[in-house]
>>> print(open('my_file_15.csv').read())   # CSV, C-alpha atoms
chain,number,residue,atom,x,y,z
P,1,MET,CA,29.2,0.8,-6.9
P,2,ALA,CA,26.7,-2.1,-7.3
P,3,LYS,CA,25.1,-2.4,-10.7
P,4,VAL,CA,21.4,-1.4,-10.7
P,5,PRO,CA,19.1,-4.2,-12.0
P,6,LYS,CA,17.6,-3.5,-15.5
P,7,PRO,CA,13.8,-3.2,-16.1
P,8,GLY,CA,13.9,-6.3,-18.4
P,9,LYS,CA,10.7,-8.3,-18.1
P,10,HIS,CA,8.9,-5.5,-16.4
P,11,ALA,CA,8.8,-3.5,-19.7
P,12,SER,CA,8.2,-6.6,-21.9
P,13,LYS,CA,5.1,-6.4,-24.2
P,14,LEU,CA,4.7,-10.2,-24.2
P,15,ASN,CA,4.7,-10.3,-20.4
P,16,ALA,CA,2.2,-7.3,-20.3
P,17,LEU,CA,-0.2,-9.2,-22.6
P,18,THR,CA,0.0,-12.3,-20.4
P,19,ARG,CA,-0.5,-10.3,-17.3
P,20,GLN,CA,-3.5,-8.4,-18.7
P,21,ALA,CA,-5.1,-11.7,-19.6
P,22,ALA,CA,-4.6,-13.1,-16.1
P,23,GLN,CA,-5.9,-9.9,-14.6
P,24,MET,CA,-9.0,-9.6,-16.8
P,25,LEU,CA,-9.9,-13.3,-16.8
P,26,LEU,CA,-9.1,-14.3,-13.3
P,27,LEU,CA,-8.1,-11.6,-10.8
P,28,LYS,CA,-10.6,-8.8,-11.5
P,29,PRO,CA,-13.7,-11.2,-11.8
P,30,THR,CA,-12.7,-12.9,-8.5
P,31,MET,CA,-12.3,-9.6,-6.6
P,32,TRP,CA,-15.5,-8.1,-8.1
P,33,ARG,CA,-17.4,-11.3,-7.0
P,34,LEU,CA,-16.0,-11.3,-3.5
P,35,LEU,CA,-16.7,-7.6,-3.0
P,36,ARG,CA,-19.1,-4.8,-4.1
P,37,VAL,CA,-16.6,-2.5,-5.6
P,38,HIS,CA,-17.3,1.2,-6.3
P,39,VAL,CA,-14.7,3.1,-8.3
P,40,HIS,CA,-14.7,6.9,-8.1
P,41,GLY,CA,-12.6,9.5,-10.0
P,42,LYS,CA,-11.6,7.7,-13.1
P,43,ALA,CA,-12.1,11.0,-15.0
P,44,ASN,CA,-9.1,12.4,-13.1
P,45,LEU,CA,-6.8,10.2,-15.1
P,46,GLU,CA,-7.9,11.4,-18.5
P,47,GLY,CA,-4.9,12.3,-20.6
P,48,LEU,CA,-2.5,10.7,-18.1
P,49,GLU,CA,0.2,8.6,-19.6
P,50,ALA,CA,3.1,6.6,-18.0
P,51,PRO,CA,5.4,6.9,-16.3
P,52,CYS,CA,3.9,7.9,-13.0
P,53,VAL,CA,3.8,6.6,-9.5
P,54,VAL,CA,0.5,5.4,-8.0
P,55,PHE,CA,0.3,5.5,-4.2
P,56,ALA,CA,-2.3,4.6,-1.7
P,57,ASN,CA,-3.1,3.8,1.9
P,58,HIS,CA,-2.4,0.1,2.7
P,59,SER,CA,-4.3,-2.0,5.2
P,60,SER,CA,-5.4,-5.2,3.4
P,61,HIS,CA,-4.2,-7.8,0.9
P,62,LEU,CA,-7.1,-6.7,-1.2
P,63,ASP,CA,-5.5,-3.3,-1.9
P,64,THR,CA,-3.3,-4.2,-4.8
P,65,PRO,CA,-5.9,-6.3,-6.7
P,66,LEU,CA,-8.4,-3.5,-6.2
P,67,ILE,CA,-6.1,-0.8,-7.6
P,68,TYR,CA,-5.2,-2.9,-10.7
P,69,GLY,CA,-8.9,-3.6,-11.4
P,70,ALA,CA,-9.9,0.1,-11.0
P,71,LEU,CA,-7.2,1.7,-13.2
P,72,PRO,CA,-7.6,2.0,-17.0
P,73,ASN,CA,-5.7,-0.6,-19.1
P,74,ARG,CA,-3.2,1.9,-20.4
P,75,ILE,CA,-1.9,2.4,-16.9
P,76,SER,CA,-2.4,-1.1,-15.4
P,77,LYS,CA,-0.9,-2.8,-18.4
P,78,TYR,CA,2.7,-2.1,-17.4
P,79,LEU,CA,2.1,-1.0,-13.8
P,80,ALA,CA,4.8,-2.6,-11.6
P,81,ALA,CA,4.0,-3.1,-7.9
P,82,GLY,CA,6.7,-2.6,-5.4
P,83,ALA,CA,6.7,-5.4,-2.9
P,84,ALA,CA,8.7,-6.1,0.3
P,85,LEU,CA,11.8,-8.1,-0.6
P,86,ASP,CA,11.8,-9.8,2.9
P,87,TYR,CA,8.2,-10.9,2.7
P,88,PHE,CA,7.2,-11.6,-1.0
P,89,TYR,CA,10.5,-12.7,-2.4
P,90,ASP,CA,11.6,-15.3,0.2
P,91,LYS,CA,9.4,-18.0,-1.3
P,92,TRP,CA,8.7,-18.8,-5.0
P,93,TRP,CA,5.0,-19.4,-4.3
P,94,LYS,CA,4.7,-15.7,-3.2
P,95,ALA,CA,7.1,-14.2,-5.8
P,96,GLY,CA,5.3,-16.1,-8.7
P,97,PRO,CA,1.9,-14.5,-8.3
P,98,MET,CA,3.4,-11.1,-7.7
P,99,SER,CA,5.1,-11.3,-11.1
P,100,LEU,CA,2.1,-12.9,-12.9
P,101,PHE,CA,-0.6,-10.6,-11.7
P,102,PHE,CA,1.2,-7.4,-10.6
P,103,ASN,CA,4.5,-7.1,-12.5
P,104,GLY,CA,6.0,-7.1,-9.1
P,105,TYR,CA,9.5,-6.0,-8.2
P,106,PRO,CA,11.3,-6.2,-4.9
P,107,ILE,CA,11.8,-3.2,-2.6
P,108,ASP,CA,14.4,-3.4,0.2
P,109,ARG,CA,13.0,-2.4,3.6
P,110,SER,CA,16.2,-3.2,5.5
P,111,LYS,CA,17.4,0.5,5.5
P,112,GLY,CA,21.0,-0.6,4.8
P,113,LYS,CA,21.2,-3.3,7.5
P,114,GLU,CA,23.0,-6.5,6.8
P,115,THR,CA,20.6,-9.2,5.7
P,116,GLU,CA,20.9,-12.8,4.6
P,117,GLY,CA,19.3,-15.0,1.9
P,118,PRO,CA,17.1,-13.4,-0.7
P,119,LYS,CA,17.4,-10.0,1.0
P,120,LYS,CA,21.0,-9.8,-0.2
P,121,ARG,CA,19.9,-9.3,-3.8
P,122,ASN,CA,20.7,-5.8,-5.1
P,123,VAL,CA,17.4,-4.1,-5.7
P,124,ARG,CA,18.3,-0.5,-4.8
P,125,GLY,CA,17.7,1.9,-7.7
P,126,MET,CA,15.1,-0.4,-9.3
P,127,SER,CA,12.2,2.0,-8.9
P,128,ALA,CA,14.1,4.8,-10.6
P,129,ALA,CA,15.3,2.4,-13.4
P,130,LEU,CA,11.7,1.3,-14.1
P,131,LEU,CA,10.5,4.9,-14.2
P,132,ASP,CA,13.3,5.8,-16.6
P,133,ALA,CA,12.2,2.9,-18.8
P,134,GLY,CA,8.6,4.4,-18.9
P,135,VAL,CA,7.1,1.8,-16.5
P,136,PRO,CA,4.5,3.2,-14.0
P,137,LEU,CA,4.8,2.1,-10.4
P,138,LEU,CA,2.6,1.3,-7.5
P,139,ILE,CA,4.2,1.9,-4.1
P,140,TYR,CA,2.7,2.1,-0.7
P,141,PRO,CA,4.5,5.0,1.2
P,142,GLU,CA,3.6,3.4,4.6
P,143,GLY,CA,6.1,0.7,3.8
P,144,SER,CA,3.9,-2.1,5.1
P,145,ARG,CA,0.3,-3.1,5.6
P,146,SER,CA,-1.5,-1.5,8.6
P,147,ARG,CA,-2.7,-4.1,11.2
P,148,THR,CA,-5.2,-1.6,12.7
P,149,GLY,CA,-6.8,0.2,9.8
P,150,ALA,CA,-5.2,3.4,10.9
P,151,MET,CA,-2.8,5.0,8.3
P,152,GLY,CA,0.8,5.0,9.3
P,153,PRO,CA,3.4,7.7,8.6
P,154,PHE,CA,4.5,8.0,5.0
P,155,ARG,CA,8.1,7.4,4.1
P,156,PRO,CA,9.4,10.2,1.7
P,157,GLY,CA,10.9,7.8,-0.9
P,158,VAL,CA,7.9,8.0,-3.3
P,159,ALA,CA,7.9,11.8,-3.1
P,160,ALA,CA,11.7,11.9,-3.8
P,161,LEU,CA,11.2,9.6,-6.8
P,162,CYS,CA,8.6,11.9,-8.3
P,163,ILE,CA,10.8,14.9,-7.7
P,164,THR,CA,14.0,13.4,-9.2
P,165,ARG,CA,12.2,11.7,-12.1
P,166,LYS,CA,9.8,14.6,-12.7
P,167,VAL,CA,6.7,12.3,-12.8
P,168,PRO,CA,3.3,12.8,-11.3
P,169,ALA,CA,2.0,11.0,-8.2
P,170,ILE,CA,-1.5,9.5,-8.5
P,171,PRO,CA,-3.3,9.3,-5.1
P,172,ILE,CA,-5.7,6.4,-4.5
P,173,ALA,CA,-7.7,6.0,-1.3
P,174,LEU,CA,-9.1,2.6,-0.4
P,175,ILE,CA,-12.2,2.6,1.9
P,176,GLY,CA,-13.5,-0.6,3.4
P,177,ALA,CA,-10.7,-3.0,2.4
P,178,HIS,CA,-9.4,-3.3,6.0
P,179,ALA,CA,-12.9,-4.1,7.3
P,180,ALA,CA,-13.4,-6.6,4.5
P,181,TRP,CA,-10.2,-8.5,5.1
P,182,PRO,CA,-8.1,-7.4,8.1
P,183,SER,CA,-4.7,-9.0,8.8
P,184,THR,CA,-6.2,-11.1,11.6
P,185,GLN,CA,-8.8,-12.7,9.4
P,186,LYS,CA,-7.7,-16.1,8.0
P,187,HIS,CA,-10.5,-16.5,5.4
P,188,LEU,CA,-11.5,-14.6,2.3
P,189,PRO,CA,-14.2,-11.9,2.7
P,190,LYS,CA,-17.8,-13.1,3.1
P,191,GLY,CA,-21.1,-11.5,2.2
P,192,ARG,CA,-19.7,-9.2,-0.5
P,193,PRO,CA,-18.7,-6.3,1.7
P,194,VAL,CA,-18.6,-2.8,0.1
P,195,VAL,CA,-15.3,-1.2,-0.8
P,196,HIS,CA,-14.5,2.1,-2.5
P,197,VAL,CA,-11.5,2.9,-4.7
P,198,VAL,CA,-11.2,6.7,-4.9
P,199,ILE,CA,-8.8,8.0,-7.6
P,200,GLY,CA,-7.6,11.6,-7.0
P,201,ARG,CA,-6.1,14.1,-9.4
P,202,PRO,CA,-2.4,13.7,-10.3
P,203,MET,CA,-0.1,15.6,-8.0
P,204,LEU,CA,3.2,17.3,-9.0
P,205,PRO,CA,5.8,18.7,-6.6
P,206,LEU,CA,5.7,22.5,-6.4
P,207,PRO,CA,8.8,24.5,-7.5
P,208,GLY,CA,11.4,24.2,-4.8
P,209,GLU,CA,9.4,21.7,-2.8
P,210,ILE,CA,11.6,19.1,-1.0
P,211,ALA,CA,10.7,15.4,-0.6
P,212,HIS,CA,9.4,15.7,3.0
P,213,GLU,CA,7.1,18.6,2.1
P,214,PHE,CA,5.7,16.8,-0.9
P,215,ASN,CA,5.4,13.6,1.1
P,216,GLU,CA,3.2,15.4,3.7
P,217,ARG,CA,1.0,16.8,1.0
P,218,MET,CA,0.6,13.3,-0.5
P,219,ARG,CA,-0.4,11.9,3.0
P,220,ARG,CA,-2.9,14.7,3.5
P,221,ARG,CA,-4.5,14.1,0.1
P,222,ILE,CA,-5.0,10.4,0.9
P,223,LEU,CA,-6.5,11.3,4.2
P,224,GLU,CA,-8.9,13.8,2.6
P,225,LEU,CA,-10.0,11.4,-0.2
P,226,HIS,CA,-10.5,8.6,2.2
P,227,ASP,CA,-12.4,10.4,4.9
P,228,THR,CA,-14.6,12.5,2.6
P,229,THR,CA,-15.8,9.3,0.8
P,230,ALA,CA,-16.1,7.3,4.1
P,231,ARG,CA,-18.3,9.9,5.7
P,232,ALA,CA,-20.5,10.1,2.5
P,233,TYR,CA,-21.1,6.3,2.6
P,234,GLY,CA,-21.2,5.7,6.4
P,235,ALA,CA,-17.8,3.9,6.5
P,236,LYS,CA,-15.2,4.2,9.1
P,237,THR,CA,-12.7,7.1,8.6
P,238,LEU,CA,-9.0,7.0,9.0
P,239,ASP,CA,-9.4,9.5,11.8
P,240,GLU,CA,-11.7,7.1,13.6
P,241,TYR,CA,-9.3,4.2,13.1
P,242,ALA,CA,-6.5,6.4,14.6
P,243,ARG,CA,-8.7,7.4,17.6
P,244,THR,CA,-9.5,3.7,18.3
P,245,VAL,CA,-5.8,2.9,18.2
P,246,ALA,CA,-5.0,5.8,20.6
P,247,LEU,CA,-7.7,4.8,23.0
P,248,GLU,CA,-6.5,1.2,23.0
P,249,LYS,CA,-3.0,2.3,23.8
P,250,ALA,CA,-4.2,4.6,26.5
P,251,THR,CA,-6.3,1.8,28.1
P,252,LYS,CA,-3.3,-0.6,28.0
P,253,THR,CA,-1.1,2.0,29.5
P,254,GLU,CA,-3.6,2.6,32.3
P,255,ILE,CA,-4.0,-1.1,33.0
P,256,THR,CA,-0.2,-1.6,33.0
P,257,THR,CA,0.2,1.4,35.5
P,258,LEU,CA,-2.5,0.0,37.8
P,259,ALA,CA,-0.9,-3.5,37.7
P,260,GLU,CA,2.5,-2.0,38.5
P,261,GLU,CA,1.1,0.0,41.4
P,262,ALA,CA,-0.7,-3.0,42.7
P,263,LYS,CA,2.5,-5.1,42.5
P,264,ALA,CA,4.5,-2.4,44.2
P,265,HIS,CA,1.9,-2.2,47.0
P,266,ALA,CA,1.9,-5.9,47.5
P,267,ASP,CA,5.7,-6.0,47.6
P,268,GLN,CA,5.6,-3.2,50.2
P,269,GLN,CA,3.1,-5.1,52.3
P,270,GLU,CA,5.3,-8.3,52.2
P,271,GLU,CA,8.3,-6.2,53.4
P,272,GLN,CA,6.4,-4.9,56.4
>>> encode(input="my_file_15.csv", output="structure tokens")
Amino acid sequence: MAKVPKPGKHASKLNALTRQAAQMLLLKPTMWRLLRVHVHGKANLEGLEAPCVVFANHSSHLDTPLIYGALPNRISKYLAAGAALDYFYDKWWKAGPMSLFFNGYPIDRSKGKETEGPKKRNVRGMSAALLDAGVPLLIYPEGSRSRTGAMGPFRPGVAALCITRKVPAIPIALIGAHAAWPSTQKHLPKGRPVVHVVIGRPMLPLPGEIAHEFNERMRRRILELHDTTARAYGAKTLDEYARTVALEKATKTEITTLAEEAKAHADQQEEQ
């Protein structure tokens, strides 16, 4: 059996102090100047101590900096952000900032497939090892950033971690981050768009609840936190993003069908 990587630097007090300085002096001031940030629900974290798993919807590169800036220092100080091994750890200039600002650690998204290069590093079991060492985690259950603003299905890995390690899951809904900086936008946000960070009450699995059941409850909680706040402030809801995606797919399907019918008709005419 492959040896599980040790938490090492992720639990280091010296690294935590350096990281906090970088966050408070550079990262948070930059984000709060670029955006008009409203944080809701901090009171829900009163009395909460690490370890725990923070989870959120994910549709923008703004998401992680916003979460770190919104959380109290006692949680963000050691918070380790899970990041895709195949995207953030293939180049030093991407891995460096992940470590400096977010205590980042690699998550393998290959699902057991053979990979080459940096993906061959053994990172399986790292999340559990960090929790066992008392390090809180930030993981996006969707697995990757949404390109449409709609929330994708949740993978049950986060729920399973909370069940096996007996730690709470902290839901955070991010509203307006996708509109401020979607994946197709090459420049930083302009005009200080409004974003909301909504922190929900800690969630614990119910007695006998399996990972898929807890995972679904977690997904519904994010949907509820997001859309309730979005409606209150006139922002686009996740339901609206999902409907837009569904309509676009339906339109493309209809256009494709019409094109195929027209081609078939033209071919038939040529044969005659």
>>> residues_around(input="my_file_15.csv", residues="segment 139-153 of chain P", least_positions_apart="4", cutoff="8 Å", atoms="only C-alpha atoms", output="list in words")
Val53, Val54, Phe55, Ala56, Asn57, His58, Ser59, Ser60, Ala81, Gly82, Ala83, Ala84, Arg109, Gly157, Val158, His178, Ala179, Pro182, Ser183, Thr184, Arg219, Leu238, Asp239, Glu240, Tyr241, Ala242 and Val245 of chain P
>>> write_last_selection(input="my_file_15.csv", atoms="C-alpha atoms", output="short mmCIF file (atom, residue, chain, number, x, y, z; two decimals), keeping the file's coordinate frame")
data_model
loop_
_atom_site.label_atom_id
_atom_site.label_comp_id
_atom_site.auth_asym_id
_atom_site.auth_seq_id
_atom_site.Cartn_x
_atom_site.Cartn_y
_atom_site.Cartn_z
CA VAL P 53 3.80 6.60 -9.50
CA VAL P 54 0.50 5.40 -8.00
CA PHE P 55 0.30 5.50 -4.20
CA ALA P 56 -2.30 4.60 -1.70
CA ASN P 57 -3.10 3.80 1.90
CA HIS P 58 -2.40 0.10 2.70
CA SER P 59 -4.30 -2.00 5.20
CA SER P 60 -5.40 -5.20 3.40
CA ALA P 81 4.00 -3.10 -7.90
CA GLY P 82 6.70 -2.60 -5.40
CA ALA P 83 6.70 -5.40 -2.90
CA ALA P 84 8.70 -6.10 0.30
CA ARG P 109 13.00 -2.40 3.60
CA GLY P 157 10.90 7.80 -0.90
CA VAL P 158 7.90 8.00 -3.30
CA HIS P 178 -9.40 -3.30 6.00
CA ALA P 179 -12.90 -4.10 7.30
CA PRO P 182 -8.10 -7.40 8.10
CA SER P 183 -4.70 -9.00 8.80
CA THR P 184 -6.20 -11.10 11.60
CA ARG P 219 -0.40 11.90 3.00
CA LEU P 238 -9.00 7.00 9.00
CA ASP P 239 -9.40 9.50 11.80
CA GLU P 240 -11.70 7.10 13.60
CA TYR P 241 -9.30 4.20 13.10
CA ALA P 242 -6.50 6.40 14.60
CA VAL P 245 -5.80 2.90 18.20
#
>>> atom_distance(input="my_file_15.csv", atom1="atom CA of Ala50 of chain P", atom2="atom CA of Val194 of chain P")
29.8 Å
>>> atom_distance(input="my_file_15.csv", atom1="atom CA of Ala22 of chain P", atom2="atom CA of Leu34 of chain P")
17.1 Å
>>> atom_distance(input="my_file_15.csv", atom1="atom CA of Lys186 of chain P", atom2="atom CA of Met98 of chain P")
19.9 Å
>>> closest_residue(input="my_file_15.csv", among="P:His61, P:Lys9, P:Lys77, P:Arg36", to="Met24 of chain P", atoms="all atoms listed in the file")
P:Lys77
>>> closest_residue(input="my_file_15.csv", among="P:Arg201, P:Lys252, P:His196, P:Lys91", to="Leu35 of chain P", atoms="all atoms listed in the file")
P:His196
>>> closest_residue(input="my_file_15.csv", among="P:Leu225, P:Ala11, P:Leu100, P:Leu131", to="Ile172 of chain P", atoms="all atoms listed in the file")
P:Leu225
>>> closest_residue(input="my_file_15.csv", among="P:Asn44, P:Pro202, P:Met126, P:Thr253", to="Pro171 of chain P", atoms="all atoms listed in the file")
P:Pro202
>>> residues_near_point(input="my_file_15.csv", point="(12.7, 17.0, -6.2)", cutoff="12 Å", atoms="all atoms listed in the file", output="ChimeraX atom specification")
/P:156-168,204-215
>>> closest_residue(input="my_file_15.csv", among="P:Pro72, P:Gly8, P:Gly176, P:Pro136", to="Pro189 of chain P", atoms="all atoms listed in the file")
P:Gly176
>>> residues_around(input="my_file_15.csv", residues="Gly200 of chain P", least_positions_apart="6", cutoff="10 Å", atoms="only C-alpha atoms", output="NGL selection string")
:P and (40-45 or 169-173 or 221-222 or 224-225)
>>> decode(input="my_file_15.csv", residues="segment 200-211 of chain P", atoms="all heavy atoms", output="mmCIF file, in the first residue's frame")
data_model
loop_
_atom_site.group_PDB
_atom_site.id
_atom_site.type_symbol
_atom_site.label_atom_id
_atom_site.label_comp_id
_atom_site.auth_asym_id
_atom_site.auth_seq_id
_atom_site.Cartn_x
_atom_site.Cartn_y
_atom_site.Cartn_z
ATOM 1 N N GLY P 200 -23.390 29.238 6.481
ATOM 2 C CA GLY P 200 -24.488 28.536 7.139
ATOM 3 C C GLY P 200 -24.058 27.873 8.432
ATOM 4 O O GLY P 200 -22.879 27.860 8.796
ATOM 5 N N ARG P 201 -25.019 27.305 9.142
ATOM 6 C CA ARG P 201 -24.723 26.589 10.380
ATOM 7 C C ARG P 201 -23.974 25.291 10.069
ATOM 8 O O ARG P 201 -24.235 24.643 9.067
ATOM 9 C CB ARG P 201 -26.019 26.261 11.132
ATOM 10 C CG ARG P 201 -26.739 27.471 11.703
ATOM 11 C CD ARG P 201 -27.862 27.022 12.628
ATOM 12 N NE ARG P 201 -28.594 28.169 13.161
ATOM 13 C CZ ARG P 201 -29.705 28.647 12.634
ATOM 14 N NH1 ARG P 201 -30.221 28.061 11.560
ATOM 15 N NH2 ARG P 201 -30.310 29.688 13.170
ATOM 16 N N PRO P 202 -23.058 24.890 10.950
ATOM 17 C CA PRO P 202 -22.344 23.618 10.757
ATOM 18 C C PRO P 202 -23.328 22.457 10.627
ATOM 19 O O PRO P 202 -24.355 22.414 11.309
ATOM 20 C CB PRO P 202 -21.500 23.493 12.027
ATOM 21 C CG PRO P 202 -21.305 24.903 12.486
ATOM 22 C CD PRO P 202 -22.574 25.616 12.140
ATOM 23 N N MET P 203 -23.006 21.534 9.748
ATOM 24 C CA MET P 203 -23.839 20.358 9.509
ATOM 25 C C MET P 203 -23.111 19.103 9.980
ATOM 26 O O MET P 203 -21.907 18.954 9.762
ATOM 27 C CB MET P 203 -24.155 20.226 8.013
ATOM 28 C CG MET P 203 -24.877 21.416 7.415
ATOM 29 S SD MET P 203 -25.145 21.198 5.622
ATOM 30 C CE MET P 203 -26.312 19.821 5.618
ATOM 31 N N LEU P 204 -23.857 18.213 10.596
ATOM 32 C CA LEU P 204 -23.319 16.920 11.000
ATOM 33 C C LEU P 204 -24.178 15.806 10.406
ATOM 34 O O LEU P 204 -25.399 15.972 10.269
ATOM 35 C CB LEU P 204 -23.306 16.794 12.523
ATOM 36 C CG LEU P 204 -22.240 17.597 13.274
ATOM 37 C CD1 LEU P 204 -22.531 17.601 14.754
ATOM 38 C CD2 LEU P 204 -20.847 17.042 12.994
ATOM 39 N N PRO P 205 -23.560 14.700 10.018
ATOM 40 C CA PRO P 205 -24.361 13.580 9.503
ATOM 41 C C PRO P 205 -25.290 13.045 10.582
ATOM 42 O O PRO P 205 -24.941 13.004 11.760
ATOM 43 C CB PRO P 205 -23.312 12.538 9.095
ATOM 44 C CG PRO P 205 -22.076 12.918 9.840
ATOM 45 C CD PRO P 205 -22.118 14.392 10.025
ATOM 46 N N LEU P 206 -26.479 12.635 10.173
ATOM 47 C CA LEU P 206 -27.440 12.049 11.096
ATOM 48 C C LEU P 206 -27.033 10.617 11.428
ATOM 49 O O LEU P 206 -26.292 9.983 10.663
ATOM 50 C CB LEU P 206 -28.834 12.063 10.469
ATOM 51 C CG LEU P 206 -29.376 13.449 10.069
ATOM 52 C CD1 LEU P 206 -30.690 13.299 9.309
ATOM 53 C CD2 LEU P 206 -29.544 14.342 11.293
ATOM 54 N N PRO P 207 -27.481 10.086 12.557
ATOM 55 C CA PRO P 207 -27.145 8.695 12.892
ATOM 56 C C PRO P 207 -27.572 7.736 11.778
ATOM 57 O O PRO P 207 -28.717 7.765 11.325
ATOM 58 C CB PRO P 207 -27.963 8.448 14.170
ATOM 59 C CG PRO P 207 -28.137 9.804 14.778
ATOM 60 C CD PRO P 207 -28.270 10.748 13.621
ATOM 61 N N GLY P 208 -26.643 6.936 11.308
ATOM 62 C CA GLY P 208 -26.930 5.966 10.255
ATOM 63 C C GLY P 208 -26.964 6.541 8.853
ATOM 64 O O GLY P 208 -27.173 5.803 7.882
ATOM 65 N N GLU P 209 -26.735 7.851 8.706
ATOM 66 C CA GLU P 209 -26.785 8.478 7.385
ATOM 67 C C GLU P 209 -25.537 8.107 6.582
ATOM 68 O O GLU P 209 -24.417 8.236 7.068
ATOM 69 C CB GLU P 209 -26.880 10.004 7.540
ATOM 70 C CG GLU P 209 -27.205 10.750 6.266
ATOM 71 C CD GLU P 209 -27.486 12.222 6.508
ATOM 72 O OE1 GLU P 209 -26.869 12.807 7.428
ATOM 73 O OE2 GLU P 209 -28.327 12.792 5.787
ATOM 74 N N ILE P 210 -25.735 7.658 5.348
ATOM 75 C CA ILE P 210 -24.609 7.291 4.495
ATOM 76 C C ILE P 210 -24.148 8.505 3.697
ATOM 77 O O ILE P 210 -24.843 9.535 3.646
ATOM 78 C CB ILE P 210 -24.960 6.113 3.566
ATOM 79 C CG1 ILE P 210 -26.090 6.505 2.610
ATOM 80 C CG2 ILE P 210 -25.327 4.879 4.370
ATOM 81 C CD1 ILE P 210 -26.381 5.453 1.556
ATOM 82 N N ALA P 211 -22.989 8.370 3.054
ATOM 83 C CA ALA P 211 -22.364 9.506 2.383
ATOM 84 C C ALA P 211 -23.272 10.139 1.327
ATOM 85 O O ALA P 211 -23.368 11.362 1.237
ATOM 86 C CB ALA P 211 -21.040 9.071 1.756
#
